[in-house]
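Colleague: After the structure tokens below, expect a handful of questions from me.
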Amino acid sequence: MHDLILRGGTVHDGLGSEPVTADVAVSGDRVAAVGRDLGAAQRVIDVTGLAVAPGFVDPHSHSDMVPLMAEPQPFKLLQGVTTEIAGNCGYSFAPLGEAAAAHGHDLLTDISAGQPVVARTFKEYLAEVAAAGPANNIGVLAGHNTLRLNVAGMEPGLPPGGLARMQGLLAEAFEAGAIGLSSGLIYPPGCYAGTGELVELAKVAHAYGLPYATHLRNEDRDLLAALGEAIEIGRRARVRVQISHCKAAGRAQHGSAGQLLAALRAARVSGVDIRGDVYPYLAGGTFLSALLPNEAHAGGVHALRSRLLDPAGRAALLAAATDPAAAAGTGFWREVGPGDVLVTSHANRPDAVGRTIALLAAEDAADPWDIACELIATDPSAGMVLTMMAEEDVRVLLADPLTSIGSDNGMPYGLQHPRTWGCFPHFLGEYVRELGLVSLPEAIRKMTSASAGQFGLTGRGWLGPGSVADIAVFDPATIGHPGTYLTPDTRPAGVHCVLLGGQVAVADGSFTGIRAGQVVGPLMSL
């Protein structure tokens with residue numbers, strides 16, 4: 001007798017095949033059979049008229065510390081997401097020595113889910129996550145920024161032997177269960193690294209057969225050169241490459257999504273296994289300090305504050321941020337207007353949250369640059385939502401077969417980007433059902449096997465006999481997310497049922513309260 005049968009749904013295998021009307025039988029944590037007349041089961045759920053798909057895989061999350069929150073957080077399960085990859089953009093919460101943890105406290109507060117940033121090995125961190133019981137499965141990348149904090153703090157240069165020490169820490173993280181290497185090359189201290197440093201670290205990933213995921217050094221005027229660097233790293237280290245949140249950012253770069261995709265295809269033809277992920281929005285979300293040029297961050301938070309609070313220092317940084325001859329390393333200020341910058345979190349200025357830099361400057365009769373600098377100086381980890389993409393570019397990137405869907409979520413509270421609560425339903429509702437950008441089978445492939453394959457998640461991302469019983473059941477006619485940038489934390493519509501390892505985690509659209517998630521990786525998925 002099976003444990004559970006999902007009866008009468010339209011079953012998608014996650015591989016892009018045409019769906020079939022069938023039952024899905026689950027025994028233990030596995031799919032036992034797909035078809036008709038599958039025998040008896042202890043529980044039967046009628047899913048007639050609904051899509052039955054593999055649980056969605058989010059390749060780009062920042063949920064590293066969410067499992068350590070006191071209450072289970074179902075914000076991804078309610079979207080149909082059963083597995084997410086954390087540790088992105090070069091920031092992981094391990095390995096951290098004592099000195100690195102002090103820097104991490106300054107840098108990572110906004111994405112720490114209210115948890116302390118403390119010294120811990122990667123093995124200790126994964127053990128904490130597993131013991132806490134995550135609401136959904138989580139795989140974690142080892143972050144290049146974090147590795148650098150351990151050997152050089154916030155200084156631009158590495159000390160003698162620093163690279164070898166980083167390689168050793170990375171190998172230890174892989175041995176502990178890290179799922180790959182990530183970089184965030186617009187953020188300090190990773191922005192100070194040269195290509196050679198990244199190649200040597202990626203070679204460690206190659207030794208373990210693991211991928212390299214990168215937030216490019218530039219996503220606006222120097223986009224193609226930054227992408228070229230990622231391709232070079234993939235070629236020299238012979239690793240799979242994941243381009244995080246593919247975009248053409250800033251007005252000067254609008255209309256160039258096709259060039260990005262052409263470069264990806266050319267790289268694949270040359271032998272580099274490279275793909276990317278995209279979120280279905282015109283705005284991104286990150287630290288407010290990303291408005292600043294790289295040089296602002298050298299020496300750490302105290303040095304940053306000194307520069308920002310000094311009128312001459314501000315003026316020098318503004319000149320660097322608006323230098324028309326500079327390419328990478330200028331920050332986002334040059335590429336957007338003050339009205340495009342929405343403050344989403346600030347520890348010391350709650351009145352600024354939910355307001356744009358333009359509005360704050362107008363109210364204070366102040367210069368927008370001065371307002372931005374003051375906000376960053378008083379809270380270097382403050383967050384923002386930044387409108388910087390063109391709709392046509394987003395559509396081109398979403399439709400391409402080389403891209404998957406990734407949320408780049410923030411924490412499940414406060415004024416976060418709506419992608420935190422609704423990325424996957426928004427894609428299925430707005431871009432698949434309403435706009436017909438891709439077929440439903442292709443959309444599901446982009447949310448399942450396309451990402452599972454990149455990160456070596458054997459048994460996940462597809463639905464068939466022997467696959468892990470991570471399953472999302474949704475109504476294609478109603479799925480969507482009504483959240484906005486000012487009211488983001490609304491519940492998605494249309495997700496009826498989610499199984500996690502064969503257990504019912506969402507029933508009739510509501511979280512059942514179980515913490516059935518696991519720490520996953522290439523060696524943990526069988």
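Ligands are numbered from 1 in the order shown, chains are lettered A, B, ... in the order of the structure tokens, and residues start at 1 in each chain.
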What residues in region 383-423 of chain A get the DSSP label helix (DSSP H, G or I)? Please answer as a list of chain:residue names.
Modeller: A:Glu391, A:Glu392, A:Asp393, A:Val394, A:Arg395, A:Val396, A:Leu397, A:Leu398, A:Ala399, A:Arg419, A:Thr420, A:Trp421, A:Gly422, A:Cys423
Colleague: Find the residues near region 476-482 of chain A: any atom within 8 Å, counting only C-alpha atoms, skip ones fewer than 4 places away on the same chain, and give them as a VMD selection string.
Modeller: chain A and resid 50 to 51 422 to 423 425 to 430 433 490 to 495
Colleague: Each residue of region 360-400 of chain A with at least one atom at most 7 Å from region 104-119 of chain A should appear once, together with its nearest atom pair and the corresponding distance in Å (one decimal); atoms considered: only C-alpha atoms; ordering: chain, then increasing residue number; output as JSON lines.
Modeller:
```
{"residue": "A:Ser381", "atom": "CA", "partner": "A:Asp110", "partner_atom": "CA", "distance": 5.6}
{"residue": "A:Ala382", "atom": "CA", "partner": "A:Asp110", "partner_atom": "CA", "distance": 6.5}
{"residue": "A:Gly383", "atom": "CA", "partner": "A:Asp110", "partner_atom": "CA", "distance": 6.9}
```
Colleague: For the residues selected in the previous step, produce a file with N, CA and C atoms as an mmCIF file, in the first residue's frame.
Modeller:
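Below is the file again-v7.cif, written as the result:
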```
data_model
loop_
_atom_site.group_PDB
_atom_site.id
_atom_site.type_symbol
_atom_site.label_atom_id
_atom_site.label_comp_id
_atom_site.auth_asym_id
_atom_site.auth_seq_id
_atom_site.Cartn_x
_atom_site.Cartn_y
_atom_site.Cartn_z
ATOM 1 N N SER A 381 24.457 48.408 6.574
ATOM 2 C CA SER A 381 23.780 47.222 6.029
ATOM 3 C C SER A 381 22.334 47.517 5.644
ATOM 4 N N ALA A 382 21.962 48.794 5.565
ATOM 5 C CA ALA A 382 20.603 49.161 5.164
ATOM 6 C C ALA A 382 20.295 48.605 3.775
ATOM 7 N N GLY A 383 19.011 48.337 3.517
ATOM 8 C CA GLY A 383 18.613 47.723 2.257
ATOM 9 C C GLY A 383 17.850 48.661 1.346
#
```
Colleague: Any idea what's packed within 6 Å of region 70-81 of chain A, counting only C-alpha atoms, ignoring anything in its chain fewer than 4 positions away? Could you give it as a compact mmCIF listing (two decimals) with N, CA and C atoms, in the first residue's frame?
Modeller:
```
# COMPACT_ATOMS: atom_id res chain seq x y z
N GLY A 55 8.68 19.84 -7.09
CA GLY A 55 8.84 21.03 -6.28
C GLY A 55 9.84 21.97 -6.92
N PHE A 56 9.54 23.26 -6.88
CA PHE A 56 10.40 24.22 -7.55
C PHE A 56 11.74 24.34 -6.83
N VAL A 57 12.79 24.58 -7.61
CA VAL A 57 14.15 24.72 -7.08
C VAL A 57 14.59 26.16 -7.31
N ALA A 135 12.29 24.65 6.98
CA ALA A 135 10.94 24.41 6.46
C ALA A 135 10.99 23.78 5.09
N TRP A 421 8.29 36.80 -1.42
CA TRP A 421 7.05 36.06 -1.16
C TRP A 421 6.37 35.54 -2.42
N ALA A 472 4.95 20.03 -6.15
CA ALA A 472 4.11 21.22 -6.05
C ALA A 472 2.85 21.01 -6.88
```
Colleague: Quick one: residues within 8 Å of Glu335 (chain A), only C-alpha atoms, excluding same-chain residues fewer than 6 positions away - as a list in words?
Modeller: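 Surrounding residues, per the criterion: Asp220, Ala249, Gly250, Arg251, Ala252 and Met388 of chain A.
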Colleague: Please produce a file of the residues just selected, as a PDB file, in the first residue's frame, where the atoms kept are N, CA and C atoms.
Modeller:
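Output (part-v1.pdb):
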```pdb
ATOM      1  N   ASP A 220      25.966  46.678 -15.651  1.00  0.00           N
ATOM      2  CA  ASP A 220      25.459  47.800 -16.439  1.00  0.00           C
ATOM      3  C   ASP A 220      26.396  48.088 -17.599  1.00  0.00           C
ATOM      4  N   ALA A 249      21.325  46.180 -16.457  1.00  0.00           N
ATOM      5  CA  ALA A 249      20.936  47.170 -15.458  1.00  0.00           C
ATOM      6  C   ALA A 249      21.345  48.575 -15.880  1.00  0.00           C
ATOM      7  N   GLY A 250      20.519  49.539 -15.511  1.00  0.00           N
ATOM      8  CA  GLY A 250      20.831  50.931 -15.808  1.00  0.00           C
ATOM      9  C   GLY A 250      20.354  51.335 -17.186  1.00  0.00           C
ATOM     10  N   ARG A 251      19.941  52.587 -17.294  1.00  0.00           N
ATOM     11  CA  ARG A 251      19.329  53.059 -18.540  1.00  0.00           C
ATOM     12  C   ARG A 251      20.272  52.909 -19.728  1.00  0.00           C
ATOM     13  N   ALA A 252      21.567  53.125 -19.517  1.00  0.00           N
ATOM     14  CA  ALA A 252      22.517  53.057 -20.627  1.00  0.00           C
ATOM     15  C   ALA A 252      22.609  51.657 -21.220  1.00  0.00           C
ATOM     16  N   MET A 388      15.819  49.298 -12.130  1.00  0.00           N
ATOM     17  CA  MET A 388      16.958  49.521 -13.030  1.00  0.00           C
ATOM     18  C   MET A 388      16.895  48.719 -14.329  1.00  0.00           C
TER      19      MET A 388
END
```
Colleague: Any idea what's packed within 10 Å of Tyr91 (chain A), counting only C-alpha atoms, ignoring anything in its chain fewer than 4 positions away? Could you give it as a list in words?
Modeller: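 Listing them by chain and then by number gives His62, Asp64, Ala86, Gly87, Gly104, Leu107, Leu108, Ile111, Leu141, Ala142, Gly143, His144, Asn145, Thr146, Leu147, Ser182, Ser183, Gly184, Tyr187 and Gly190 of chain A.
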Colleague: Could you name the residues that touch Phe174 (chain A) at 12 Å or less, counting only C-alpha atoms, but leaving out those on the same chain fewer than 4 positions away, as a PyMOL selection string?
Modeller: chain A and resi 94-95+121-123+126+139-143+167-170+178-181+201-202+204-211+521-523
Colleague: Got a sec: who's within 6 Å of region 454-464 of chain A, counting only C-alpha atoms, leaving out chain neighbours fewer than 5 positions off, as a PyMOL selection string?
Modeller: chain A and resi 13-14+54+448-449+522+525
